[in-house]
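Enquirer: Please read through the structure below; I'll follow up with questions.
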Amino acid sequence: MSLDQSALAARPERRGAAALGLLGGIAGFLLTLAITLLGLVVVTFVIGRVVPIDPVLAVVGDRASGDVYARVRAEMGLDLPLLEQFRIYLVKAVTGDFGRSVLTTNPVIDDIRTYFPATIELATLGTLIGTVIGIPLGVFAAVRSGSFLDQVVRIVGLVGYSVPIFWLGLMALLLFYARLDWVAGPGRLDIAYDYMVTPVTGMITVDALMQGQTEVFWNAVSHLVLPACLLGYFSLAYISRMTRALLLNELGQEYVITARVKGLSETRVIWRHALRNAAVPLLTVVVLSYATLLEGSVLTETVFAWPGIGSYITNSLQNADMNAVLGGTLVVGAAFVTLNLLSDLLYRLLDPRTR
Amino acid sequence: MGLAFVRRGFGAAVVAALLATTPALAATPKDTLVQAWMIDDIISLDPAEIFEISTTEIAGNTYERLIGYDLDDVSKIFGVVAESWTVSDDGKTITFKIREGRKFASGNPITAADVEFSLQRAVLLDKSPAFIINQFGITKDNVKTAIKATGDYTLDFTMDRPYAPSFALYALTSSVASVVDKKLVMEHEANGDFGYEWLKTHYAGSGPFTIRDWRANEVAVLERNPNYSGTPAPLARVIYRHIPETATQRILLEKGDVDIARNLGPEEIAAVSTNPDIKIQSAPKGTLYYLGLNQKNPELAKPEVREALKYLVDYEAIADTIMKNQASVHQAFLPKGFLGAVNDNPYKLDVDKAKALLAKAGLPDGFTVTMDVRSAQPITGVAEAIQSTFAKAGVKLEIIPGDGKQTLTKYRARTHDIYIGVWGPDYQDPHTNAQTFASNPDNKDDASSKTLAWRNAWPTPELGKEVDAAILERDPAKRAALYEAMQREVMADGPFVIMFQQTENAAERANVKGFIMGPSFDNNLATATSKE
C-alpha cells in the first residue's frame, strides 16, 4: 500500500518534469526557429543583392529609357544604402509583408498562399505513398537481409536515387498518360473543370470534397497521382533504406533475442517489438523526407506543369524577381525548419530515453 | 547538362517510340482553343505597360487601336477605331475621325475622349513603351495639348516636327496605343494612378476577345467579347496554358489535350511533322539574332577586326542545322518585310579573308575574346558554332554562360566583349530598328538614350543624323532609299554581326483552322480561328 502510494506520489512530479522539459523544448524550438529564419533572411537578402542580376530590369524590361529606369530603381528602394534596405525589408517581413512580386504583380504572401498548397498537396500524397510502401519494403529487406528480395529492394532504392527525376517523370507521362491513358496529363485539372471550385485551402482535392464536387475531385486526383507516385518513389527509396538499417539495428538487440526465446512468433517480434522501437527514429525519417519534398520538387513541377512553390521560386529567380525569391525561400525555409524541429520534439515526446 | 541530354538524345528517341502508336484523343471542347505556351513573361495586362511577347499577343487579340495594317502587306494601313485621318498642311498635326456607334466590352460607347485618355495615360504613366509616343515630342508636360479630343468623335495628335506620317501611324498601331475604356478604368482609379493597379490584372478594351483571367505561370483565359463591333470570333474561348517544358508540350499536342503547341524545338517540329493529325505553321518574325561587339574592347574597336568577324560565322550551316525551321539568314538591321529592308546577304564564312583582315589589324595570330551567352537553346548552340569557326582564324572565343537577366544586365552596363543578342522591332516602321542600331547621340556611360549602338559603345555622329533625317522624309520611295543606305553602312562598318531573322512555328492539330501568324508578335491572332 505504502509502496503504491509513493509510486502514485511520484507520478505527478515526473509528469511535471516532463511538461517542463516539453515547455523548455518548445521555447528552444521557437528560439531556434527565429534564429534560423533571421539567418535565412540575411543570407537570401545578401545573395539577392550581390547576384549580377539587375532587379530593375525585371520591371522595366529591355527597352526602357534611362529616366524610367532611374525612377523605378528609386521606387524599389534600391538607391538606398544596403543596410537601410535590409532594415526596411526586415521590418516588413516580420509582419508577413514580403513586398510585391514583379512577375505576378500580386503581393508575394498572396502568391505563396496560392502556390504553396499545390506543393503541399503533392508532397503530402508523395510522402504518404513513400511511407506506406517504403516501410514494409524496408522491413522485408531487413528480415531477409542478404536475400534476393533484399537485393531487389536495394536496386529499387538505388534507381530512385540515381535516375534523374526529370527523365523518369517524362517517361511516366509518356507511358501512363500518352500511351496507356490511365491518368490525366500535366497541370492540376482538366480545362473543363477549371473554375468549378473556389479556392479555400488551395488544395484542389480538399476544396473539391468540401464543396461536394466529386467529379472535380477525381479529376484532380487523376492529375495528382502520377507526380505524387514519382515523388513517392523518391521518398520510398530513402524511407526503405532507413527502415532496413534501423530495423537491422533493433534485431540485433538483446530484447529481441529475449522475445524470441520467450517463444513469440517471428511476425510479432518484428512488427510489435522491433519495429515499435524503431518507430521513433523512423518518424524522423518520414518527417524529414516530407520536408525535402516540400522544399520544392522543382523538376517534377516543371515536367508536370504543376504550379507549386518550387517552380514559383525558380521562375522568380530566373526573372530576377527578388521579392518573390526572398519570400518563397523564407516560407519554404520556415516549413523545413519547423518540420525538423517538430520531428525533434516528437522524438523527445515519444522516446522516454531522451527525457 | 543532364536536361539537355534528356531532351535531345535518348529522351527524344523514347518519346518517338512511345508516341508512334498512340491513338489521338481530342479532348478540348470545340469552341475552345487551347494553346501550350511559355507565358512566364507576363508581368502586366495594362496596355500602357506591356512590352513582352506573350502580353503583346494577348493585347493584339483583346484590344483595338486607332490604326491597323494588312498582315500580308505591312505597307497598307487602315483605320480600326479611327475611321479616317488627315494630316495638316504643316505636317505636324494628324486629325483622326473616330468611328461612331462602336462599343467597349463593358457596353460603354467608344468616343474620342477614350482615345485621348488612353494615349495621354500611356505618356503620363511613363512605363517602358511610353517612348513610342514620346518620340513625337510628346511629353508629360505637353501631352494635354498635344493629344486632344476636339469633339465627341475627333482627335488631334500634334507632333513637334513634321514626321513622316507613316512613322506616326505605325507607332499608333503598337500595343501602347490600345484604346481603353475611360469610364471603366477611372472607376477603379486609386491615388491618381489612372487605374494602373487595377488594369494590371483586369481588362477594359473593345477587341474580339476579353481577358477573363490570368494566373501567373499557369494560365491566361480569353473569352469572346459579346459587344465586339467587328465579325464575332468563331471561338468562345482561347486558353493559353503555361507549359514550360517543350517535351511536355509535344505530348499534350499529340494527345490532343492542347490544340496548338507554340514552343517546340527543331527536333520536336521534325518529329511531329510526320504525324498526320498535326500540321506546322511557320511565319517570319521581325526578330533578329546578332552579335554585339563592344567598342570599349580595343581589339573589337579595330574596323578590320569587326569586318573579319563578319566573315567568321557560318551563316548557312547554322541556319540549316541548329536553327533549322527557326530562322533564315539575314544580315541587315531591317527585317524582311520592312520598308527599305536590304535582303541580300553579302557575308559568308571565308576564313582566308578573315585571316588577311586580322593580319592587317596587326593580329596575325588572332586574339582572345569573351562572349556572354544566355543559357537557352538555340542561343547556346549558335554560340558554340561561332566559337568553332572563330577558332579557324585564331580568334579564341570564351563563352560565358549566364541566365537571361544576368547577361542582359552585363550588356546594358557595357561590360561585355561580345554579346549574342535577339532584337525585335517595337512597331512596323523602319525607324524603330534604325534608331537602335544606327543612332547613339551620347556615348557617355550615363547617357539617357541607351540604344544598341550605345550598348556597344559605338558613336555614330554622321549616321545618327541620317537616322534623324529619315523620319522627316515624307516620300516613301526616298525614305526607303535612306534606310537602305543606312543598312549598308551598318553592315560594312557597324559593331553588329547580324545573322538571322527568326521564323516562328506553331504546331497545330489538323482540325484547327484559321490561326493567323502575322509579322509581329501582336498579330498572332485567334480572332478568325475555328475548329472542325
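Convention: chains lettered A, B, ... in C-alpha cells order; per-chain residue numbering from 1; ligands numbered from 1 as shown.
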Write out as JSON lines the residues of chain B that have any atom within 7 Å of an atom of chain A, one row each with the nearest atom pair and its distance in Å to one decimal, counting only C-alpha atoms, sorted by chain and then rising number.
Expert:
{"residue": "B:Val6", "atom": "CA", "partner": "A:Trp167", "partner_atom": "CA", "distance": 6.5}
{"residue": "B:Val15", "atom": "CA", "partner": "A:Leu174", "partner_atom": "CA", "distance": 6.9}
{"residue": "B:Leu18", "atom": "CA", "partner": "A:Arg179", "partner_atom": "CA", "distance": 6.7}
{"residue": "B:Leu19", "atom": "CA", "partner": "A:Arg179", "partner_atom": "CA", "distance": 6.8}
{"residue": "B:Thr22", "atom": "CA", "partner": "A:Arg179", "partner_atom": "CA", "distance": 5.5}
{"residue": "B:Ile42", "atom": "CA", "partner": "A:Leu103", "partner_atom": "CA", "distance": 6.8}
{"residue": "B:Ile43", "atom": "CA", "partner": "A:Leu103", "partner_atom": "CA", "distance": 4.8}
{"residue": "B:Lys127", "atom": "CA", "partner": "A:Val68", "partner_atom": "CA", "distance": 6.9}
{"residue": "B:Ser128", "atom": "CA", "partner": "A:Ala64", "partner_atom": "CA", "distance": 4.6}
{"residue": "B:Ala216", "atom": "CA", "partner": "A:Thr104", "partner_atom": "CA", "distance": 5.2}
{"residue": "B:Asn217", "atom": "CA", "partner": "A:Pro307", "partner_atom": "CA", "distance": 7.0}
{"residue": "B:Glu218", "atom": "CA", "partner": "A:Pro307", "partner_atom": "CA", "distance": 6.4}
{"residue": "B:Ile243", "atom": "CA", "partner": "A:Ala305", "partner_atom": "CA", "distance": 5.6}
{"residue": "B:Pro244", "atom": "CA", "partner": "A:Thr302", "partner_atom": "CA", "distance": 6.7}
{"residue": "B:Glu245", "atom": "CA", "partner": "A:Val303", "partner_atom": "CA", "distance": 6.1}
{"residue": "B:Thr248", "atom": "CA", "partner": "A:Val303", "partner_atom": "CA", "distance": 6.6}
{"residue": "B:Ile251", "atom": "CA", "partner": "A:Ala178", "partner_atom": "CA", "distance": 6.7}
{"residue": "B:Lys255", "atom": "CA", "partner": "A:Ala178", "partner_atom": "CA", "distance": 6.2}
{"residue": "B:Asp403", "atom": "CA", "partner": "A:Gln318", "partner_atom": "CA", "distance": 6.8}
{"residue": "B:Lys405", "atom": "CA", "partner": "A:Ile53", "partner_atom": "CA", "distance": 5.9}
{"residue": "B:Gln406", "atom": "CA", "partner": "A:Ile53", "partner_atom": "CA", "distance": 4.6}
{"residue": "B:Thr409", "atom": "CA", "partner": "A:Asp54", "partner_atom": "CA", "distance": 5.7}
{"residue": "B:Ser448", "atom": "CA", "partner": "A:Gly66", "partner_atom": "CA", "distance": 4.4}
{"residue": "B:Ser449", "atom": "CA", "partner": "A:Ser65", "partner_atom": "CA", "distance": 6.1}
{"residue": "B:Lys450", "atom": "CA", "partner": "A:Ser65", "partner_atom": "CA", "distance": 6.7}
Enquirer: Please list as an mmCIF file with N, CA, C and O atoms, in the first residue's frame every residue within 12 Å of Gln253 of chain A, counting only C-alpha atoms and excluding residues in the same chain fewer than 3 positions away.
Expert:
data_model
loop_
_atom_site.group_PDB
_atom_site.id
_atom_site.type_symbol
_atom_site.label_atom_id
_atom_site.label_comp_id
_atom_site.auth_asym_id
_atom_site.auth_seq_id
_atom_site.Cartn_x
_atom_site.Cartn_y
_atom_site.Cartn_z
ATOM 1 N N LEU A 246 17.479 0.757 -39.626
ATOM 2 C CA LEU A 246 17.014 0.901 -38.249
ATOM 3 C C LEU A 246 16.558 -0.445 -37.682
ATOM 4 O O LEU A 246 16.834 -0.783 -36.537
ATOM 5 N N LEU A 247 15.853 -1.191 -38.531
ATOM 6 C CA LEU A 247 15.309 -2.472 -38.065
ATOM 7 C C LEU A 247 16.432 -3.476 -37.826
ATOM 8 O O LEU A 247 16.419 -4.211 -36.827
ATOM 9 N N LEU A 248 17.397 -3.491 -38.713
ATOM 10 C CA LEU A 248 18.539 -4.410 -38.540
ATOM 11 C C LEU A 248 19.235 -4.133 -37.211
ATOM 12 O O LEU A 248 19.628 -5.043 -36.489
ATOM 13 N N ASN A 249 19.314 -2.863 -36.902
ATOM 14 C CA ASN A 249 19.927 -2.445 -35.644
ATOM 15 C C ASN A 249 19.139 -3.000 -34.453
ATOM 16 O O ASN A 249 19.703 -3.529 -33.502
ATOM 17 N N GLU A 250 17.788 -2.889 -34.545
ATOM 18 C CA GLU A 250 16.940 -3.378 -33.451
ATOM 19 C C GLU A 250 17.016 -4.890 -33.335
ATOM 20 O O GLU A 250 17.032 -5.440 -32.237
ATOM 21 N N VAL A 256 15.155 -8.438 -28.371
ATOM 22 C CA VAL A 256 14.588 -9.221 -29.474
ATOM 23 C C VAL A 256 14.899 -10.695 -29.271
ATOM 24 O O VAL A 256 14.028 -11.570 -29.430
ATOM 25 N N ILE A 257 16.148 -10.915 -28.879
ATOM 26 C CA ILE A 257 16.542 -12.305 -28.606
ATOM 27 C C ILE A 257 15.679 -12.870 -27.467
ATOM 28 O O ILE A 257 15.140 -13.972 -27.563
ATOM 29 N N THR A 258 15.484 -12.047 -26.436
ATOM 30 C CA THR A 258 14.650 -12.453 -25.300
ATOM 31 C C THR A 258 13.254 -12.829 -25.779
ATOM 32 O O THR A 258 12.710 -13.868 -25.416
ATOM 33 N N ALA A 259 12.698 -11.928 -26.601
ATOM 34 C CA ALA A 259 11.344 -12.163 -27.096
ATOM 35 C C ALA A 259 11.277 -13.456 -27.888
ATOM 36 O O ALA A 259 10.320 -14.239 -27.748
ATOM 37 N N ARG A 260 12.294 -13.688 -28.657
ATOM 38 C CA ARG A 260 12.309 -14.915 -29.466
ATOM 39 C C ARG A 260 12.409 -16.132 -28.564
ATOM 40 O O ARG A 260 11.711 -17.134 -28.754
ATOM 41 N N VAL A 269 7.400 -10.543 -33.108
ATOM 42 C CA VAL A 269 8.686 -9.992 -32.683
ATOM 43 C C VAL A 269 9.052 -8.788 -33.552
ATOM 44 O O VAL A 269 9.411 -7.725 -33.057
ATOM 45 N N ILE A 270 8.892 -8.970 -34.830
ATOM 46 C CA ILE A 270 9.319 -7.899 -35.758
ATOM 47 C C ILE A 270 8.372 -6.712 -35.720
ATOM 48 O O ILE A 270 8.792 -5.580 -35.500
ATOM 49 N N HIS A 273 7.498 -5.615 -31.628
ATOM 50 C CA HIS A 273 8.581 -5.220 -30.734
ATOM 51 C C HIS A 273 9.660 -4.398 -31.439
ATOM 52 O O HIS A 273 9.875 -3.243 -31.097
ATOM 53 N N ALA A 274 10.274 -5.012 -32.412
ATOM 54 C CA ALA A 274 11.420 -4.346 -33.049
ATOM 55 C C ALA A 274 10.989 -3.067 -33.774
ATOM 56 O O ALA A 274 11.577 -2.003 -33.593
ATOM 57 N N ASN A 277 10.105 -0.105 -31.623
ATOM 58 C CA ASN A 277 11.265 0.600 -31.087
ATOM 59 C C ASN A 277 11.984 1.412 -32.162
ATOM 60 O O ASN A 277 12.622 2.415 -31.863
ATOM 61 N N ALA A 278 11.846 0.947 -33.406
ATOM 62 C CA ALA A 278 12.465 1.707 -34.500
ATOM 63 C C ALA A 278 11.558 2.852 -34.951
ATOM 64 O O ALA A 278 11.961 3.715 -35.717
#
Enquirer: Please provide the set of residues having any atom within 6 Å of segment 215-229 of chain A, restricted to only C-alpha atoms, with same-chain residues fewer than 4 positions apart removed, written as an NGL selection string.
Expert: :A and (122 or 125-126 or 183-184 or 188-189 or 205 or 208 or 233)
Enquirer: Mind dumping the selected residues with N, CA, C and O atoms as a PDB file, in the first residue's frame?
Expert:
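result03.pdb was written with the following content:
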ATOM      1  N   LEU A 122       0.859  17.863 -53.268  1.00  0.00           N
ATOM      2  CA  LEU A 122       1.716  16.908 -53.978  1.00  0.00           C
ATOM      3  C   LEU A 122       2.651  16.197 -53.003  1.00  0.00           C
ATOM      4  O   LEU A 122       2.784  14.968 -53.035  1.00  0.00           O
ATOM      5  N   LEU A 125       0.804  13.652 -50.518  1.00  0.00           N
ATOM      6  CA  LEU A 125       0.460  12.385 -51.149  1.00  0.00           C
ATOM      7  C   LEU A 125       1.722  11.591 -51.470  1.00  0.00           C
ATOM      8  O   LEU A 125       1.778  10.371 -51.282  1.00  0.00           O
ATOM      9  N   GLY A 126       2.750  12.307 -51.928  1.00  0.00           N
ATOM     10  CA  GLY A 126       4.018  11.649 -52.238  1.00  0.00           C
ATOM     11  C   GLY A 126       4.602  10.958 -51.014  1.00  0.00           C
ATOM     12  O   GLY A 126       5.011   9.797 -51.068  1.00  0.00           O
ATOM     13  N   VAL A 183      -4.029   7.916 -66.649  1.00  0.00           N
ATOM     14  CA  VAL A 183      -4.126   9.094 -65.787  1.00  0.00           C
ATOM     15  C   VAL A 183      -4.201  10.347 -66.654  1.00  0.00           C
ATOM     16  O   VAL A 183      -3.966  10.286 -67.860  1.00  0.00           O
ATOM     17  N   ALA A 184      -4.535  11.469 -66.028  1.00  0.00           N
ATOM     18  CA  ALA A 184      -4.586  12.738 -66.747  1.00  0.00           C
ATOM     19  C   ALA A 184      -3.178  13.307 -66.901  1.00  0.00           C
ATOM     20  O   ALA A 184      -2.259  12.899 -66.200  1.00  0.00           O
ATOM     21  N   ARG A 188      -3.037  20.792 -63.003  1.00  0.00           N
ATOM     22  CA  ARG A 188      -3.742  20.323 -61.812  1.00  0.00           C
ATOM     23  C   ARG A 188      -5.153  19.851 -62.111  1.00  0.00           C
ATOM     24  O   ARG A 188      -5.745  19.106 -61.335  1.00  0.00           O
ATOM     25  N   LEU A 189      -5.726  20.344 -63.219  1.00  0.00           N
ATOM     26  CA  LEU A 189      -7.107  19.985 -63.559  1.00  0.00           C
ATOM     27  C   LEU A 189      -7.260  20.003 -65.077  1.00  0.00           C
ATOM     28  O   LEU A 189      -6.532  20.695 -65.763  1.00  0.00           O
ATOM     29  N   THR A 205      -7.993  19.041 -54.257  1.00  0.00           N
ATOM     30  CA  THR A 205      -8.695  17.829 -53.827  1.00  0.00           C
ATOM     31  C   THR A 205      -9.538  18.126 -52.591  1.00  0.00           C
ATOM     32  O   THR A 205     -10.712  17.754 -52.525  1.00  0.00           O
ATOM     33  N   ALA A 208     -12.434  20.566 -53.420  1.00  0.00           N
ATOM     34  CA  ALA A 208     -13.480  19.922 -54.211  1.00  0.00           C
ATOM     35  C   ALA A 208     -14.356  19.057 -53.297  1.00  0.00           C
ATOM     36  O   ALA A 208     -15.588  19.066 -53.397  1.00  0.00           O
ATOM     37  N   TYR A 233       8.020   7.561 -55.012  1.00  0.00           N
ATOM     38  CA  TYR A 233       9.114   6.651 -55.329  1.00  0.00           C
ATOM     39  C   TYR A 233      10.423   7.194 -54.778  1.00  0.00           C
ATOM     40  O   TYR A 233      11.247   6.467 -54.230  1.00  0.00           O
TER      41      TYR A 233
END
Enquirer: Taking 4 positions as the minimum chain separation for residues in the same chain, which residues sit within 7 Å of Leu169 of chain B when counting only C-alpha atoms? Answer as a list in words.
Expert: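 Contacts, in chain order: Ile67, Pro165 and Thr173 of chain B.
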Enquirer: Which residues, written as a PyMOL selection string, have at least one atom at most 7 Å from Arg509 of chain B, with only C-alpha atoms counted and residues fewer than 6 positions away on the same chain left out?
Expert: chain B and resi 259-260+277-279
Enquirer: Please, could you write that set of residues out with C-alpha atoms as a PDB file, in the first residue's frame?
Expert:
ATOM      1  CA  ASP B 259      -4.700  22.377 -79.975  1.00  0.00           C
ATOM      2  CA  ILE B 260      -1.516  24.327 -80.607  1.00  0.00           C
ATOM      3  CA  ASP B 277      -3.002  14.794 -87.160  1.00  0.00           C
ATOM      4  CA  ILE B 278      -0.608  17.685 -86.841  1.00  0.00           C
ATOM      5  CA  LYS B 279       0.416  20.496 -89.157  1.00  0.00           C
TER       6      LYS B 279
END
Enquirer: Tyr238 of chain A: which residues within 10 Å, counting only C-alpha atoms, same-chain residues fewer than 2 positions away excluded, as a ChimeraX atom specification?
Expert: /A:130-131,134-135,138,157-158,160-161,232-236,240-243,285-286,289
Enquirer: At a cut-off of 9 Å, using only C-alpha atoms, what residues contact Ala506 of chain B? Leave out same-chain residues fewer than 4 positions from it and give the result as an MDAnalysis selection string.
Expert: chainID B and resid 260:264 269 279:283 517
Enquirer: Return the single residue from A:Leu288, A:Ile204, A:Leu330, A:Ala172 that is closest to Leu40 of chain A, with distances computed using only C-alpha atoms.
Expert: A:Leu330
Enquirer: Each residue of segment 172-251 of chain B lying at most 10 Å from segment 78-97 of chain B should get a row with its shortest atom-to-atom pair and the distance in Å to one decimal, counting only C-alpha atoms; could you produce that, ordered by chain and increasing number, as JSON lines?
Expert:
{"residue": "B:Thr173", "atom": "CA", "partner": "B:Val80", "partner_atom": "CA", "distance": 9.6}
{"residue": "B:Ser178", "atom": "CA", "partner": "B:Val81", "partner_atom": "CA", "distance": 9.6}
{"residue": "B:Val179", "atom": "CA", "partner": "B:Val81", "partner_atom": "CA", "distance": 8.1}
{"residue": "B:Ser206", "atom": "CA", "partner": "B:Val81", "partner_atom": "CA", "distance": 9.4}
{"residue": "B:Gly230", "atom": "CA", "partner": "B:Val80", "partner_atom": "CA", "distance": 9.7}
Enquirer: Just the selected residues (N, CA and C atoms), exported as a PDB file, in the first residue's frame, please.
Expert:
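Result went into again.pdb, see below:
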ATOM      1  N   THR B 173       0.028  51.889 -84.166  1.00  0.00           N
ATOM      2  CA  THR B 173      -0.501  50.519 -84.278  1.00  0.00           C
ATOM      3  C   THR B 173       0.049  49.634 -83.155  1.00  0.00           C
ATOM      4  N   SER B 178      -3.245  51.069 -77.568  1.00  0.00           N
ATOM      5  CA  SER B 178      -4.546  50.406 -77.440  1.00  0.00           C
ATOM      6  C   SER B 178      -5.552  51.334 -76.772  1.00  0.00           C
ATOM      7  N   VAL B 179      -6.795  51.261 -77.253  1.00  0.00           N
ATOM      8  CA  VAL B 179      -7.815  52.149 -76.703  1.00  0.00           C
ATOM      9  C   VAL B 179      -8.477  51.480 -75.496  1.00  0.00           C
ATOM     10  N   SER B 206     -11.972  46.674 -76.255  1.00  0.00           N
ATOM     11  CA  SER B 206     -13.093  46.528 -77.182  1.00  0.00           C
ATOM     12  C   SER B 206     -12.789  45.502 -78.273  1.00  0.00           C
ATOM     13  N   GLY B 230     -16.812  44.242 -84.692  1.00  0.00           N
ATOM     14  CA  GLY B 230     -16.477  43.569 -85.944  1.00  0.00           C
ATOM     15  C   GLY B 230     -17.103  42.179 -86.023  1.00  0.00           C
TER      16      GLY B 230
END
